[in-house]
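This is start-v2.tsv. It holds TSV, C-alpha atoms and all ligand atoms.
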chain	number	residue	atom	x	y	z
K	712	MET	CA	-17.30	-20.70	95.78
K	713	ILE	CA	-16.92	-23.79	93.67
K	714	GLY	CA	-19.81	-25.84	92.32
K	715	THR	CA	-21.41	-27.08	89.13
K	716	ALA	CA	-23.93	-24.20	89.12
K	717	ARG	CA	-21.07	-21.72	89.24
K	718	PHE	CA	-19.27	-23.62	86.46
K	719	ALA	CA	-22.37	-23.53	84.26
K	720	GLU	CA	-22.66	-19.78	84.82
K	721	ILE	CA	-19.01	-19.18	83.91
K	722	GLU	CA	-19.44	-21.26	80.76
K	723	ARG	CA	-22.65	-19.48	79.70
K	724	ASP	CA	-21.22	-15.98	80.20
K	725	ALA	CA	-18.04	-16.86	78.37
K	726	ALA	CA	-19.88	-18.45	75.45
K	727	ASP	CA	-22.12	-15.36	75.19
K	728	ALA	CA	-19.11	-13.06	75.07
K	729	LEU	CA	-17.45	-15.12	72.33
K	730	VAL	CA	-20.44	-15.51	70.00
K	731	SER	CA	-21.49	-11.88	70.33
K	732	ALA	CA	-18.09	-10.55	69.15
K	733	THR	CA	-18.74	-8.75	65.85
K	734	SER	CA	-15.17	-8.40	64.60
K	735	LEU	CA	-11.91	-10.31	64.78
K	736	ALA	CA	-10.52	-7.61	67.05
K	737	ALA	CA	-13.52	-7.83	69.41
K	738	LEU	CA	-13.20	-11.64	69.43
K	739	ALA	CA	-9.53	-11.41	70.43
K	740	GLU	CA	-10.53	-9.17	73.35
K	741	ALA	CA	-13.34	-11.52	74.40
K	742	GLN	CA	-10.93	-14.51	74.29
K	743	THR	CA	-8.54	-12.75	76.64
K	744	ALA	CA	-11.42	-11.85	78.97
K	745	VAL	CA	-12.98	-15.34	79.19
K	746	LEU	CA	-9.95	-17.63	78.74
K	747	GLY	CA	-7.04	-15.46	79.96
K	748	ARG	CA	-5.27	-15.35	83.28
K	749	ARG	CA	-7.75	-12.89	84.78
K	750	SER	CA	-10.83	-14.73	83.59
K	751	ALA	CA	-13.47	-16.26	85.88
K	752	LEU	CA	-12.43	-19.61	84.42
K	753	ALA	CA	-8.78	-19.12	85.49
K	754	SER	CA	-9.80	-18.05	88.97
K	755	ALA	CA	-12.05	-21.12	89.30
K	756	HIS	CA	-8.98	-23.21	88.37
K	757	ARG	CA	-7.01	-21.50	91.12
K	758	ASP	CA	-9.79	-22.23	93.61
K	759	LEU	CA	-9.35	-25.96	92.94
K	760	ALA	CA	-6.30	-25.79	95.22
K	761	GLY	CA	-8.58	-25.60	98.28
K	762	LEU	CA	-10.43	-28.86	97.45
K	763	ASP	CA	-9.60	-32.33	98.54
K	764	PRO	CA	-8.00	-34.56	95.89
K	765	GLU	CA	-11.16	-36.42	94.87
K	766	GLU	CA	-13.25	-33.28	94.39
K	767	ARG	CA	-10.33	-31.49	92.80
K	768	ARG	CA	-9.97	-34.18	90.11
K	769	ALA	CA	-13.71	-34.14	89.28
K	770	ALA	CA	-13.95	-30.33	89.20
K	771	GLY	CA	-10.68	-30.07	87.24
K	772	LYS	CA	-12.11	-32.42	84.60
K	773	ILE	CA	-15.24	-30.29	84.26
K	774	LEU	CA	-13.21	-27.09	83.98
K	775	HIS	CA	-11.00	-28.70	81.34
K	776	GLU	CA	-14.07	-29.65	79.29
K	777	ILE	CA	-15.44	-26.13	79.63
K	778	ARG	CA	-12.15	-24.64	78.38
K	779	THR	CA	-12.00	-27.06	75.44
K	780	HIS	CA	-15.56	-26.19	74.51
K	781	LEU	CA	-14.93	-22.42	74.76
K	782	GLU	CA	-11.76	-22.68	72.67
K	783	ALA	CA	-13.65	-24.55	69.95
K	784	LEU	CA	-16.39	-21.92	70.09
K	785	ALA	CA	-13.79	-19.14	69.73
K	786	ALA	CA	-12.16	-20.87	66.74
K	787	GLU	CA	-15.52	-21.34	65.03
K	788	ARG	CA	-16.51	-17.73	65.62
K	789	GLY	CA	-13.08	-16.59	64.39
K	790	ALA	CA	-13.44	-18.49	61.11
K	791	ALA	CA	-16.89	-17.03	60.51
K	792	LEU	CA	-15.71	-13.48	61.22
K	793	ALA	CA	-12.62	-13.88	59.02
K	794	ALA	CA	-14.75	-15.08	56.12
K	795	ARG	CA	-17.15	-12.18	56.56
K	796	GLU	CA	-14.38	-9.57	56.73
K	797	ARG	CA	-12.73	-10.96	53.60
K	798	ALA	CA	-16.02	-10.86	51.70
K	799	GLU	CA	-16.54	-7.27	52.80
K	800	MET	CA	-13.05	-6.29	51.64
K	801	LEU	CA	-13.55	-7.91	48.23
K	802	ASP	CA	-16.83	-6.12	47.89
K	803	ARG	CA	-15.23	-2.77	48.77
K	804	ASP	CA	-12.39	-3.20	46.28
K	805	ARG	CA	-14.47	-4.55	43.44
K	806	LEU	CA	-14.25	-2.74	40.07
K	807	ASP	CA	-17.77	-2.65	38.74
K	808	LEU	CA	-17.39	-2.30	34.98
K	809	THR	CA	-21.10	-2.14	34.39
K	810	GLU	CA	-21.12	1.30	35.95
K	811	VAL	CA	-18.40	2.93	33.78
K	812	THR	CA	-19.12	4.81	30.60
K	813	ASP	CA	-17.84	3.71	27.21
K	814	ASP	CA	-15.10	6.31	27.36
K	815	GLU	CA	-13.84	5.09	30.73
K	816	VAL	CA	-13.82	1.52	29.46
K	817	CYS	CA	-11.68	2.73	26.56
K	818	SER	CA	-9.19	4.25	28.92
K	819	VAL	CA	-9.17	1.13	31.11
K	820	ILE	CA	-8.47	-1.26	28.26
K	821	ARG	CA	-6.67	1.37	26.14
K	822	ARG	CA	-8.32	0.52	22.86
K	823	GLY	CA	-6.70	2.33	19.94
K	824	ARG	CA	-8.41	4.34	17.25
K	825	LEU	CA	-7.64	5.98	13.92
K	826	HIS	CA	-5.82	9.31	14.06
K	827	LEU	CA	-8.09	12.27	13.37
K	828	VAL	CA	-6.34	12.88	10.04
K	829	ASP	CA	-7.00	9.28	8.94
K	830	GLN	CA	-10.61	9.56	9.99
K	831	THR	CA	-10.89	12.78	7.97
K	832	ARG	CA	-9.24	11.21	4.91
K	833	ARG	CA	-11.78	8.38	5.01
K	834	GLU	CA	-14.71	10.77	5.37
K	835	LEU	CA	-13.47	12.87	2.43
K	836	GLU	CA	-13.06	9.72	0.33
K	837	ASP	CA	-16.63	8.72	1.24
K	838	VAL	CA	-17.99	12.09	0.11
K	839	PHE	CA	-16.19	11.87	-3.23
K	840	VAL	CA	-16.97	8.19	-3.80
K	841	ALA	CA	-20.65	9.04	-3.28
K	842	MET	CA	-20.24	11.60	-6.09
K	843	GLY	CA	-18.87	8.94	-8.47
K	844	PHE	CA	-15.10	9.30	-8.00
K	845	THR	CA	-12.70	6.37	-7.67
K	846	VAL	CA	-9.81	6.46	-5.15
K	847	ALA	CA	-6.19	6.18	-6.35
K	848	GLU	CA	-2.72	6.44	-4.80
K	849	GLY	CA	0.77	7.50	-5.83
K	850	PRO	CA	4.36	7.59	-4.55
K	851	GLU	CA	5.61	10.05	-1.93
K	852	ALA	CA	9.07	10.32	-3.53
K	853	GLU	CA	8.78	11.79	-7.02
K	854	THR	CA	11.17	12.84	-9.73
K	855	ASP	CA	11.36	16.52	-10.52
K	856	TRP	CA	9.53	15.73	-13.76
K	857	TYR	CA	6.37	14.44	-12.06
K	858	ASN	CA	6.34	16.92	-9.19
K	859	PHE	CA	7.06	19.96	-11.37
K	860	GLU	CA	7.89	19.70	-15.08
K	861	ALA	CA	4.93	17.63	-16.29
K	862	LEU	CA	2.74	20.05	-14.32
K	863	ASN	CA	3.97	22.90	-16.50
K	864	ILE	CA	6.56	24.09	-13.96
K	865	PRO	CA	9.90	23.87	-15.83
K	866	PRO	CA	13.22	24.31	-13.98
K	867	ALA	CA	13.81	27.90	-12.88
K	868	HIS	CA	10.11	28.71	-13.32
K	869	PRO	CA	9.31	31.42	-10.74
K	870	ALA	CA	6.28	29.43	-9.55
K	871	ARG	CA	8.63	26.85	-8.01
K	872	SER	CA	8.98	29.20	-5.05
K	873	MET	CA	5.34	28.32	-4.22
K	874	TRP	CA	6.66	24.98	-2.97
K	875	ASP	CA	9.62	24.86	-0.56
K	876	THR	CA	10.99	21.50	-1.48
K	877	PHE	CA	12.85	18.69	0.29
K	878	TYR	CA	15.35	17.11	-2.12
K	879	LEU	CA	16.43	13.49	-1.71
K	880	ASP	CA	20.15	12.93	-2.18
K	881	LEU	CA	19.98	9.89	-4.46
K	882	GLY	CA	22.58	11.11	-6.99
K	883	GLN	CA	22.15	11.44	-10.77
K	884	PRO	CA	20.61	11.17	-13.24
K	885	GLU	CA	17.25	12.50	-11.99
K	886	THR	CA	16.45	14.93	-9.23
K	887	VAL	CA	14.14	13.24	-6.71
K	888	VAL	CA	12.00	15.17	-4.24
K	889	LEU	CA	9.52	14.42	-1.50
K	890	ARG	CA	6.32	15.40	-3.26
K	891	THR	CA	5.22	18.91	-2.31
K	892	HIS	CA	1.62	18.18	-3.32
K	893	THR	CA	-0.51	15.30	-4.61
K	894	SER	CA	-0.76	16.86	-8.09
K	895	PRO	CA	1.99	14.63	-9.59
K	896	VAL	CA	-0.38	11.66	-9.18
K	897	GLN	CA	-2.61	13.34	-11.79
K	898	VAL	CA	0.24	12.80	-14.23
K	899	HIS	CA	0.68	9.13	-13.25
K	900	LEU	CA	-3.05	8.53	-13.68
K	901	MET	CA	-3.25	10.15	-17.09
K	902	GLU	CA	-0.21	8.17	-18.21
K	903	GLU	CA	-1.70	4.91	-16.98
K	904	GLN	CA	-5.28	5.18	-18.12
K	905	ALA	CA	-7.17	6.76	-20.98
K	906	PRO	CA	-9.98	9.21	-20.24
K	907	PRO	CA	-12.64	9.38	-18.96
K	908	ILE	CA	-11.06	9.75	-15.50
K	909	HIS	CA	-12.92	10.64	-12.29
K	910	ALA	CA	-10.49	10.08	-9.42
K	911	VAL	CA	-9.47	11.38	-6.01
K	912	ILE	CA	-5.97	10.75	-4.66
K	913	PRO	CA	-5.34	11.21	-0.94
K	914	GLY	CA	-1.83	11.20	0.48
K	915	ARG	CA	1.00	12.67	2.49
K	916	CYS	CA	2.97	15.70	1.26
K	917	TYR	CA	6.11	17.46	2.44
K	918	ARG	CA	7.25	21.08	2.44
K	919	ARG	CA	10.29	22.71	3.90
K	920	GLU	CA	8.54	25.11	6.19
K	921	THR	CA	8.17	25.80	9.87
K	922	ALA	CA	5.00	24.53	11.51
K	923	ASP	CA	2.55	27.22	12.63
K	924	ALA	CA	-1.17	27.52	13.37
K	925	ARG	CA	-2.03	26.66	9.74
K	926	HIS	CA	1.02	24.89	8.30
K	927	LEU	CA	2.74	21.56	8.91
K	928	PRO	CA	5.91	20.43	7.12
K	929	VAL	CA	4.30	16.99	6.74
K	930	PHE	CA	0.66	17.30	5.79
K	931	HIS	CA	-2.03	15.61	3.71
K	932	GLN	CA	-3.89	16.51	0.55
K	933	VAL	CA	-6.64	14.93	-1.46
K	934	GLU	CA	-6.21	15.58	-5.15
K	935	GLY	CA	-9.12	15.39	-7.56
K	936	LEU	CA	-8.98	14.89	-11.32
K	937	VAL	CA	-11.80	14.73	-13.82
K	938	VAL	CA	-11.10	14.33	-17.53
K	939	ASP	CA	-14.05	13.75	-19.83
K	940	HIS	CA	-15.93	15.09	-22.82
K	941	GLY	CA	-17.42	18.55	-22.34
K	942	ILE	CA	-16.21	19.24	-18.79
K	943	THR	CA	-16.53	22.95	-17.88
K	944	PHE	CA	-15.71	25.31	-15.03
K	945	ALA	CA	-19.36	25.00	-13.94
K	946	ASP	CA	-18.77	21.27	-13.27
K	947	LEU	CA	-15.79	22.21	-11.13
K	948	ALA	CA	-17.69	24.88	-9.16
K	949	GLY	CA	-20.65	22.53	-8.65
K	950	THR	CA	-18.39	19.73	-7.43
K	951	ILE	CA	-16.64	22.03	-4.92
K	952	GLU	CA	-19.95	23.36	-3.61
K	953	THR	CA	-21.48	19.88	-3.29
K	954	PHE	CA	-18.39	18.71	-1.43
K	955	THR	CA	-18.36	21.70	0.93
K	956	THR	CA	-21.94	21.31	2.10
K	957	ALA	CA	-21.66	17.50	2.28
K	958	TYR	CA	-18.60	17.68	4.50
K	959	PHE	CA	-19.06	20.86	6.56
K	960	GLY	CA	-22.82	21.22	6.62
K	961	ALA	CA	-25.08	23.88	5.12
K	962	ASP	CA	-24.00	26.64	7.53
K	963	ILE	CA	-20.39	26.83	6.31
K	964	HIS	CA	-19.95	28.98	3.22
K	965	SER	CA	-17.35	28.64	0.55
K	966	ARG	CA	-16.10	30.98	-2.10
K	967	LEU	CA	-13.90	30.68	-5.18
K	968	ARG	CA	-11.33	33.39	-5.74
K	969	PRO	CA	-9.14	33.85	-8.81
K	970	GLY	CA	-5.77	32.19	-8.23
K	971	TYR	CA	-2.72	31.03	-10.06
K	972	PHE	CA	-1.36	27.52	-10.55
K	973	PRO	CA	0.85	26.64	-13.52
K	974	PHE	CA	-1.10	23.41	-14.18
K	975	THR	CA	-4.58	24.90	-14.39
K	976	GLU	CA	-6.08	27.68	-16.47
K	977	PRO	CA	-8.14	29.38	-15.22
K	978	SER	CA	-7.20	28.66	-11.58
K	979	ALA	CA	-9.03	29.40	-8.36
K	980	GLU	CA	-8.59	29.21	-4.62
K	981	VAL	CA	-11.31	27.64	-2.49
K	982	GLU	CA	-11.92	29.35	0.85
K	983	VAL	CA	-14.41	28.60	3.63
K	984	THR	CA	-15.60	30.71	6.55
K	985	CYS	CA	-13.06	30.41	9.37
K	986	THR	CA	-14.78	28.19	11.96
K	987	ILE	CA	-12.46	29.33	14.74
K	988	CYS	CA	-13.70	32.95	14.73
K	989	ARG	CA	-16.84	32.41	12.60
K	990	GLY	CA	-15.56	34.98	10.12
K	991	LYS	CA	-14.58	37.76	12.54
K	992	GLY	CA	-10.83	37.37	11.98
K	993	CYS	CA	-8.28	35.55	14.16
K	994	ARG	CA	-4.75	34.19	14.20
K	995	THR	CA	-5.73	31.03	12.34
K	996	CYS	CA	-7.21	32.93	9.37
K	997	SER	CA	-4.66	35.78	9.59
K	998	GLY	CA	-7.50	38.17	10.39
K	999	THR	CA	-9.34	37.62	7.08
K	1000	GLY	CA	-12.28	35.51	8.33
K	1001	TRP	CA	-11.61	33.01	5.52
K	1002	VAL	CA	-9.38	29.95	5.38
K	1003	GLU	CA	-7.96	28.55	2.17
K	1004	LEU	CA	-8.83	24.87	1.83
K	1005	ALA	CA	-7.96	24.03	-1.75
K	1006	GLY	CA	-6.59	25.09	-5.08
K	1007	CYS	CA	-8.41	24.17	-8.27
K	1008	GLY	CA	-8.88	24.94	-11.91
K	1009	MET	CA	-9.28	23.62	-15.47
K	1010	VAL	CA	-6.46	21.30	-16.52
K	1011	ASP	CA	-3.96	23.33	-18.56
K	1012	PRO	CA	-3.51	22.07	-22.17
K	1013	ALA	CA	0.27	21.98	-21.51
K	1014	VAL	CA	-0.35	19.23	-18.89
K	1015	PHE	CA	-2.47	17.26	-21.36
K	1016	ALA	CA	0.35	17.63	-23.88
K	1017	ALA	CA	2.90	16.21	-21.39
K	1018	VAL	CA	0.87	12.98	-21.07
K	1019	GLY	CA	-0.35	12.79	-24.67
K	1020	ILE	CA	-4.05	13.55	-24.18
K	1021	ASP	CA	-5.70	15.52	-26.99
K	1022	PRO	CA	-6.94	18.81	-25.53
K	1023	GLU	CA	-9.22	19.30	-28.54
K	1024	GLU	CA	-11.17	16.19	-27.56
K	1025	TRP	CA	-10.94	16.17	-23.78
K	1026	THR	CA	-11.26	18.82	-21.09
K	1027	GLY	CA	-10.94	18.46	-17.36
K	1028	PHE	CA	-10.71	20.02	-13.95
K	1029	ALA	CA	-8.53	19.34	-10.95
K	1030	PHE	CA	-8.39	20.33	-7.31
K	1031	GLY	CA	-6.22	19.74	-4.26
K	1032	PHE	CA	-7.71	19.96	-0.76
K	1033	GLY	CA	-5.70	20.12	2.46
K	1034	ILE	CA	-6.96	17.20	4.57
K	1035	ASP	CA	-5.45	18.51	7.82
K	1036	ARG	CA	-7.01	21.91	7.08
K	1037	CYS	CA	-10.42	20.26	6.55
K	1038	ALA	CA	-10.11	18.47	9.92
K	1039	GLN	CA	-9.02	21.73	11.55
K	1040	MET	CA	-12.01	23.69	10.26
K	1041	ARG	CA	-14.55	20.93	10.82
K	1042	HIS	CA	-13.47	20.32	14.44
K	1043	VAL	CA	-12.60	23.95	15.26
K	1044	ILE	CA	-8.92	23.33	16.04
K	1045	ALA	CA	-7.12	26.65	16.39
K	1046	ASP	CA	-3.58	25.32	15.97
K	1047	SER	CA	-2.72	22.68	13.37
K	1048	ARG	CA	0.39	21.57	15.27
K	1049	VAL	CA	-1.66	19.36	17.61
K	1050	LEU	CA	-2.33	17.15	14.59
K	1051	GLY	CA	1.33	16.19	14.43
K	1052	GLU	CA	2.12	15.88	18.12
K	1053	ASN	CA	0.42	12.58	19.01
K	1054	ASP	CA	-0.77	13.77	22.40
K	1055	VAL	CA	-3.40	11.18	23.35
K	1056	ARG	CA	-5.27	13.72	25.49
K	1057	PHE	CA	-6.06	15.54	22.24
K	1058	LEU	CA	-6.42	12.48	19.98
K	1059	ARG	CA	-8.77	10.47	22.20
K	1060	GLN	CA	-11.42	13.17	21.79
K	1061	PHE	CA	-12.07	12.02	18.24
R	1101	LIG	N1	-1.17	21.32	-5.85
R	1101	LIG	C1	-1.63	22.61	-5.35
R	1101	LIG	C2	-0.92	22.92	-4.06
R	1101	LIG	O1	-0.44	22.07	-3.44
R	1101	LIG	C3	-3.10	22.60	-5.13
R	1101	LIG	C4	-3.84	22.48	-6.42
R	1101	LIG	C5	-4.19	23.59	-7.13
R	1101	LIG	C6	-4.16	21.23	-6.93
R	1101	LIG	C7	-4.87	23.49	-8.32
R	1101	LIG	C8	-4.84	21.14	-8.12
R	1101	LIG	C9	-5.19	22.27	-8.81
R	1101	LIG	O2	-5.16	19.99	-8.66
R	1101	LIG	O3	-5.86	22.14	-10.00
R	1101	LIG	O4	-0.85	24.05	-3.67
How does the structure come out when it is put into structure tokens?
Amino acid sequence: MIGTARFAEIERDAADALVSATSLAALAEAQTAVLGRRSALASAHRDLAGLDPEERRAAGKILHEIRTHLEALAAERGAALAARERAEMLDRDRLDLTEVTDDEVCSVIRRGRLHLVDQTRRELEDVFVAMGFTVAEGPEAETDWYNFEALNIPPAHPARSMWDTFYLDLGQPETVVLRTHTSPVQVHLMEEQAPPIHAVIPGRCYRRETADARHLPVFHQVEGLVVDHGITFADLAGTIETFTTAYFGADIHSRLRPGYFPFTEPSAEVEVTCTICRGKGCRTCSGTGWVELAGCGMVDPAVFAAVGIDPEEWTGFAFGFGIDRCAQMRHVIADSRVLGENDVRFLRQF
């Protein structure tokens, strides 16, 4: 049956279907249903065939207007739904940085940081600077004279076997080595400045040995040298104890044991409770419960003689701490090799 009332009904139903579609997919379905070949609108078009020409033209015009209106409605609804779906997608995929922790932000923007050994060197320097020491530096390649002879270790001295040495092939006249300890910088300092001297010297050292839980072929020491009037072994022991509690805290104990170094007399070894096993004995401390952190002693008069300081007027003490070893004990790191491997999963913890 054809008539304006019927047309109005078709238009109302179709418009309802289009505006109530809640997604682009639902809208596409509604468009097919109300504008497609099987729609009420299409069948009304087909019914025009039974009308006489005058009526057919008038009804055809109305149907054409209805279709144009419905198509505009569908386009408008489509634009609104597309905008809404896009906004929803952006919202879903948004990275909300206000909800991530500092650590996650670090990993997102990959901010760098100082290596644990550098952090430790700086902390050790701070402790010694607070005690009145200045900070000095020296070369990593040394002549045999600085690394050994001036330190009272002449060629063929049996104590040389304490340091497995890398030799640099630079030809004559002097033998040049990668320094096996920071002690040669003591000699440079005493040559360059008159006492009193209160200095610490951090730096990299090299030994020809295989890395294990406690040893690295490239490692770091902080050397200490004090030369002044009336310096005694008690000053040395007090300095070591003050340092130990300042750096490790009051619950880590240290002890001094008699030792031997050619450049100090008397000499001692500084040990602290092994933090890995808390003193019970483990692989890191070779079962002893103690870990050696430093060598120390009173500057040997033969060393003063090598640099022209009068041992009748001046006395002094010296020490050499392993920086890597300090980091290892402070942060309870069972195997020192991780300090040389640059694995960011380890390093980013510090
Ligand atoms: N240079 C020694 C070493 O590497 C450590 C050391 C011992 C340094 C005694 C000193 C010292 O200054 O007095 O094994």
**Q.** Distance criterion (all atoms listed in the file): nearest to Met1009 (chain K) out of K:Leu881, K:Val1043, K:Ala948, K:Val1055
**A.**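 So, comparing all the options, the nearest one is K:Ala948.
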Q.
With only C-alpha atoms as the counted atoms, please give the residues lying no more than 10 Å from Gly970 (chain K), apart from itself and same-chain residues fewer than 3 positions off, as number ranges by chain.
A. K: 967, 975-981, 1006-1008
Q: Give as a list in words the residues surrounding ligand LIG 1101 (chain R) up to a distance of 8 Å, considering all atoms listed in the file.
A: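 Listing the residues within 8 Å of ligand LIG 1101 (chain R) gives Met873, Trp874, Thr891, His892, Thr893, Ser894, Gln897, Gln932, Glu934, Gly935, Leu936, Phe972, Phe974, Thr975, Ser978, Ala979, Glu980, Ala1005, Gly1006, Cys1007, Gly1008, Met1009, Val1010, Phe1028, Ala1029, Phe1030, Gly1031 and Phe1032 of chain K.
You will find CA of Phe718 (chain K) at 17.3 Å from CA of Gln742 (chain K).
Relative to CA of Ile1020 (chain K), CA of Asn863 (chain K) is found at 14.5 Å.
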Could you give me region 828-845 of chain K completed to N, CA, C and O atoms, formatted as an mmCIF file, in the frame of the given file?
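Result file is part.cif:
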data_model
loop_
_atom_site.group_PDB
_atom_site.id
_atom_site.type_symbol
_atom_site.label_atom_id
_atom_site.label_comp_id
_atom_site.auth_asym_id
_atom_site.auth_seq_id
_atom_site.Cartn_x
_atom_site.Cartn_y
_atom_site.Cartn_z
ATOM 1 N N VAL K 828 -6.606 12.615 11.461
ATOM 2 C CA VAL K 828 -6.340 12.880 10.040
ATOM 3 C C VAL K 828 -6.771 11.690 9.174
ATOM 4 O O VAL K 828 -7.338 11.863 8.093
ATOM 5 N N ASP K 829 -6.550 10.469 9.685
ATOM 6 C CA ASP K 829 -7.000 9.280 8.940
ATOM 7 C C ASP K 829 -8.512 9.217 8.873
ATOM 8 O O ASP K 829 -9.084 8.861 7.838
ATOM 9 N N GLN K 830 -9.146 9.541 9.998
ATOM 10 C CA GLN K 830 -10.610 9.560 9.990
ATOM 11 C C GLN K 830 -11.111 10.552 8.951
ATOM 12 O O GLN K 830 -12.052 10.279 8.202
ATOM 13 N N THR K 831 -10.468 11.734 8.914
ATOM 14 C CA THR K 831 -10.890 12.780 7.970
ATOM 15 C C THR K 831 -10.673 12.328 6.528
ATOM 16 O O THR K 831 -11.543 12.510 5.673
ATOM 17 N N ARG K 832 -9.515 11.694 6.262
ATOM 18 C CA ARG K 832 -9.240 11.210 4.910
ATOM 19 C C ARG K 832 -10.357 10.260 4.467
ATOM 20 O O ARG K 832 -10.882 10.361 3.361
ATOM 21 N N ARG K 833 -10.733 9.342 5.373
ATOM 22 C CA ARG K 833 -11.780 8.380 5.010
ATOM 23 C C ARG K 833 -13.115 9.062 4.751
ATOM 24 O O ARG K 833 -13.844 8.686 3.832
ATOM 25 N N GLU K 834 -13.435 10.071 5.580
ATOM 26 C CA GLU K 834 -14.710 10.770 5.370
ATOM 27 C C GLU K 834 -14.702 11.513 4.036
ATOM 28 O O GLU K 834 -15.695 11.526 3.311
ATOM 29 N N LEU K 835 -13.560 12.150 3.708
ATOM 30 C CA LEU K 835 -13.470 12.870 2.430
ATOM 31 C C LEU K 835 -13.611 11.881 1.278
ATOM 32 O O LEU K 835 -14.323 12.150 0.304
ATOM 33 N N GLU K 836 -12.928 10.739 1.385
ATOM 34 C CA GLU K 836 -13.060 9.720 0.330
ATOM 35 C C GLU K 836 -14.521 9.326 0.170
ATOM 36 O O GLU K 836 -15.019 9.219 -0.951
ATOM 37 N N ASP K 837 -15.212 9.122 1.311
ATOM 38 C CA ASP K 837 -16.630 8.720 1.240
ATOM 39 C C ASP K 837 -17.463 9.740 0.480
ATOM 40 O O ASP K 837 -18.311 9.381 -0.339
ATOM 41 N N VAL K 838 -17.213 11.036 0.778
ATOM 42 C CA VAL K 838 -17.990 12.090 0.110
ATOM 43 C C VAL K 838 -17.755 12.029 -1.399
ATOM 44 O O VAL K 838 -18.699 12.062 -2.196
ATOM 45 N N PHE K 839 -16.488 11.874 -1.802
ATOM 46 C CA PHE K 839 -16.190 11.870 -3.230
ATOM 47 C C PHE K 839 -16.646 10.579 -3.915
ATOM 48 O O PHE K 839 -17.110 10.590 -5.053
ATOM 49 N N VAL K 840 -16.510 9.459 -3.214
ATOM 50 C CA VAL K 840 -16.970 8.190 -3.800
ATOM 51 C C VAL K 840 -18.480 8.257 -4.047
ATOM 52 O O VAL K 840 -18.978 7.812 -5.074
ATOM 53 N N ALA K 841 -19.197 8.895 -3.099
ATOM 54 C CA ALA K 841 -20.650 9.040 -3.280
ATOM 55 C C ALA K 841 -20.961 9.890 -4.511
ATOM 56 O O ALA K 841 -22.036 9.778 -5.096
ATOM 57 N N MET K 842 -20.015 10.758 -4.911
ATOM 58 C CA MET K 842 -20.240 11.600 -6.090
ATOM 59 C C MET K 842 -19.746 10.910 -7.362
ATOM 60 O O MET K 842 -19.763 11.509 -8.441
ATOM 61 N N GLY K 843 -19.255 9.675 -7.268
ATOM 62 C CA GLY K 843 -18.870 8.940 -8.470
ATOM 63 C C GLY K 843 -17.373 8.879 -8.743
ATOM 64 O O GLY K 843 -16.952 8.401 -9.798
ATOM 65 N N PHE K 844 -16.550 9.357 -7.801
ATOM 66 C CA PHE K 844 -15.100 9.300 -8.000
ATOM 67 C C PHE K 844 -14.540 7.943 -7.564
ATOM 68 O O PHE K 844 -15.094 7.302 -6.659
ATOM 69 N N THR K 845 -13.442 7.513 -8.188
ATOM 70 C CA THR K 845 -12.700 6.370 -7.670
ATOM 71 C C THR K 845 -11.538 6.904 -6.836
ATOM 72 O O THR K 845 -11.208 8.085 -6.921
#
